[in-house]
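Trainee: Got a structure here, written out as structure tokens. Questions coming.
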Amino acid sequence: MEVRTRFAPSPTGYLHVGGARTALYSWLYAHHHHGKFVLRIEDTDRERSTQPAIDAIIESMKWTGLTWDEGPFYQTKRFDRYNQVIDELLEKGLAYKCYCNKERLDKVREEQLANNEKPRYDGHCREDHSEHTPDEPYCIRFKNPREGKVKFHDLIRGDIEFDNAELDDLVIRRTDGTPTYNFCVVIDDWDMKITHVIRGEDHINNTPRQINIYKALGAPVPEFAHVSMILGDDGAKLSKRHGAVSVMQYRDDGFMPEALINYLVRLGWGHGDQEIFSLEEMINLFALENVSKSASAFSSDKLKWMNQHYIKTLPPERVAEELVWQMEHLGINYSQGPSLTEIVKAQAERCKTLKEMAENSVYFYQDYTEYEPKAAKKWFKENSAEALERSLAKLEAVSDWKAENIEEAFKTVATDMNVGLGKVGMPLRLAVTGRGVSPEMGITMELVGREKTFERIRRTIAYLRSGATQN
């Protein structure tokens, strides 16, 4: 049997962390078993489903590398198929027309609550339509068994069972003629030969209803695995205040997709004490029996730590590919200046995110407009102009503009002036970058370029000699 899993988001919003983790687990399970991963867009909620949300979901899947083998399939394009099956159920007496209007249903619900009963449809139209005329509006309900139990083995949670008496007759087609989510899901999974349904624990209560529909259709029932929710650091349900934004916001905030995927796989699954996993390791080691039944806590600090690990350890060329978006977002023309690969090599050790890296690298491509105030106040002193003049003279004598030669040249200035290296190096850093922090000055000046370095040093000397720091 070929293992076939699916990820089936509803496009009523962007893809969030919980959905991305569910997609990842489904993707890994399929790849572990050399099966197929299907993407399906469950857009039956026409009022809330939007094209921007669909686009964002697909963009998020592509960015994280969770590419699909089949799809994307759209439920709104399959209504004919759903209605065909509903009509067959009606003919077989496995579904029925329900004429109950909202007022009656609300009244029944109020009475049940007053009697401390579980609110559910009372089956009023299940056997008798005599009080209704054919032209009255109606929905279609599935005739759920009234006796016995629904039992299934959850691959994460173990054995689960529900009494059929607790399940009411599910609406499978609304009065406007559109089929409903719980029914469409069953038909889709049947037609797409889905063998394993991996989804959030909020779907557990849907499972017995769907199993009864599978059985009524004579369709094979897939295996189920329900993943626990993700909580914030404070134990509350994950929300925007915890940083639970769309997956693409993590791209915008400077995270590598490799880091996000590695972090998400560890939110509920593990292999010993190992924290860092290559994609190949995830595929080879992933097993649903090792997924925790308990909720997981999302930590932004842990994600940043993991992101920095990937920035430092992935090939610089790979990190540079993701840095492109950040530079373009800042409006930086990175074609005029050092390659982004060289920027990554220079900055990787000091940046937790690519956004930080881009913001800290602007001076490599365009002139700064002011000196960082705090650093300038600390390091621009009365002998700073002299230190820069001496440094410039030494640097102009460097014929091979390489980091080691540059470092050797300006470091002799501190000795000549009988001062600490910081009193030479820090004014020089401010002159070249406008900032108090940068990579090593030899590397920084090599990447800024010989003539641009000289131009900035001369401009800073003039600034200091003008007495501007005394204002």
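In the structure tokens, chains take letters A, B, ... by order of appearance, with residues numbered from 1 within each chain and ligands from 1 in the order shown.
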Please provide the set of residues having any atom within 10 Å of segment 84-94 of chain A, restricted to only C-alpha atoms, with same-chain residues fewer than 6 positions apart removed, written as a list in words.

Mentor: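 Contacts, with the query itself left out: Arg126, Glu127, Ile140, Arg141, Phe142, Lys143, Asn144, Pro145, Ile172, Arg173, Pro179, Phe183, Ile187, Ile213, Ala216 and Leu217 of chain A.
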
Trainee: Write out, as CSV, each residue of segment 176-243 of chain A that has an atom at most 10 Å from segment 27-37 of chain A, together with the closest pair of atoms and their distance in Å to one decimal, counting only C-alpha atoms, rows going by chain and rising number.

Mentor:
```
residue,atom,partner,partner_atom,distance
A:Ile194,CA,A:Lys36,CA,9.1
A:Thr195,CA,A:Ala30,CA,9.9
A:His196,CA,A:Ala30,CA,8.8
A:Ile198,CA,A:Tyr29,CA,9.1
```

Trainee: For the residues selected in the previous step, produce a file with N, CA and C atoms as a compact mmCIF listing (two decimals), in the first residue's frame.

Mentor:
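Once written, part38.txt looks like this:
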```txt
# COMPACT_ATOMS: atom_id res chain seq x y z
N ILE A 194 -6.25 8.95 0.26
CA ILE A 194 -5.46 9.33 1.43
C ILE A 194 -5.49 8.18 2.44
N THR A 195 -4.31 7.75 2.86
CA THR A 195 -4.21 6.62 3.80
C THR A 195 -4.02 7.08 5.24
N HIS A 196 -3.44 8.28 5.42
CA HIS A 196 -3.14 8.78 6.77
C HIS A 196 -3.51 10.26 6.86
N ILE A 198 -3.22 13.36 9.10
CA ILE A 198 -2.50 13.97 10.22
C ILE A 198 -2.99 15.41 10.32
```

Trainee: Name the residues in contact with segment 373-389 of chain A at a cut-off of 7 Å, using only C-alpha atoms, excluding same-chain residues fewer than 4 positions from it; report them as a PyMOL selection string.

Mentor: chain A and resi 393+424+426-428+435-436+457+461+464-465

Trainee: Rounded to one decimal, what separation in Å do you get between atom CA of Pro72 of chain A and atom CA of Leu39 of chain A?

Mentor: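 Atom-to-atom, atom CA of Pro72 of chain A and atom CA of Leu39 of chain A are spaced 4.8 Å apart.
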
Trainee: For Ala23 of chain A, find every residue with an atom within 8 Å (counting only C-alpha atoms), except residues of its own chain fewer than 3 positions away, and show them as a PyMOL selection string.

Mentor: chain A and resi 6-7+19-20+26-27+66

Trainee: Selection from above, N, CA and C atoms, as a PDB file, in the first residue's frame, can you write it?

Mentor:
```pdb
ATOM      1  N   ARG A   6      -2.026  14.213   3.331  1.00  0.00           N
ATOM      2  CA  ARG A   6      -2.458  15.477   2.734  1.00  0.00           C
ATOM      3  C   ARG A   6      -2.384  16.593   3.743  1.00  0.00           C
ATOM      4  N   PHE A   7      -2.224  17.807   3.227  1.00  0.00           N
ATOM      5  CA  PHE A   7      -2.380  19.009   4.039  1.00  0.00           C
ATOM      6  C   PHE A   7      -3.517  19.777   3.407  1.00  0.00           C
ATOM      7  N   GLY A  19      -0.409  25.361  11.592  1.00  0.00           N
ATOM      8  CA  GLY A  19      -0.682  24.740  10.306  1.00  0.00           C
ATOM      9  C   GLY A  19       0.584  24.289   9.607  1.00  0.00           C
ATOM     10  N   ALA A  20       1.628  25.101   9.706  1.00  0.00           N
ATOM     11  CA  ALA A  20       2.899  24.742   9.078  1.00  0.00           C
ATOM     12  C   ALA A  20       3.475  23.475   9.705  1.00  0.00           C
ATOM     13  N   SER A  26       2.927  15.850   8.107  1.00  0.00           N
ATOM     14  CA  SER A  26       2.322  15.082   7.015  1.00  0.00           C
ATOM     15  C   SER A  26       3.336  14.852   5.894  1.00  0.00           C
ATOM     16  N   TRP A  27       4.096  15.880   5.580  1.00  0.00           N
ATOM     17  CA  TRP A  27       5.120  15.806   4.530  1.00  0.00           C
ATOM     18  C   TRP A  27       6.204  14.802   4.907  1.00  0.00           C
ATOM     19  N   LEU A  66       8.144  22.674   1.576  1.00  0.00           N
ATOM     20  CA  LEU A  66       7.162  21.593   1.716  1.00  0.00           C
ATOM     21  C   LEU A  66       6.369  21.457   0.412  1.00  0.00           C
TER      22      LEU A  66
END
```

Trainee: Have a look at A:Gly200, A:Gly270, A:Gly148, A:Gly177 and name the one nearest to Val17 of chain A; count only C-alpha atoms.

Mentor: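 Among the listed residues, the smallest separation from Val17 of chain A belongs to A:Gly200.
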
Trainee: Just checking: using only C-alpha atoms, which residue out of A:Glu446, A:Lys411, A:Leu303, A:Thr353 ends up closest to Lys423 of chain A?

Mentor: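 Ranked by minimum distance to Lys423 of chain A, first place goes to A:Lys411.
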
Trainee: Work out how far atom CA of Val437 of chain A is from atom CA of Glu455 of chain A, in Å to one decimal.

Mentor: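 Value for the atom CA of Glu455 of chain A-atom CA of Val437 of chain A distance: 19.7 Å.
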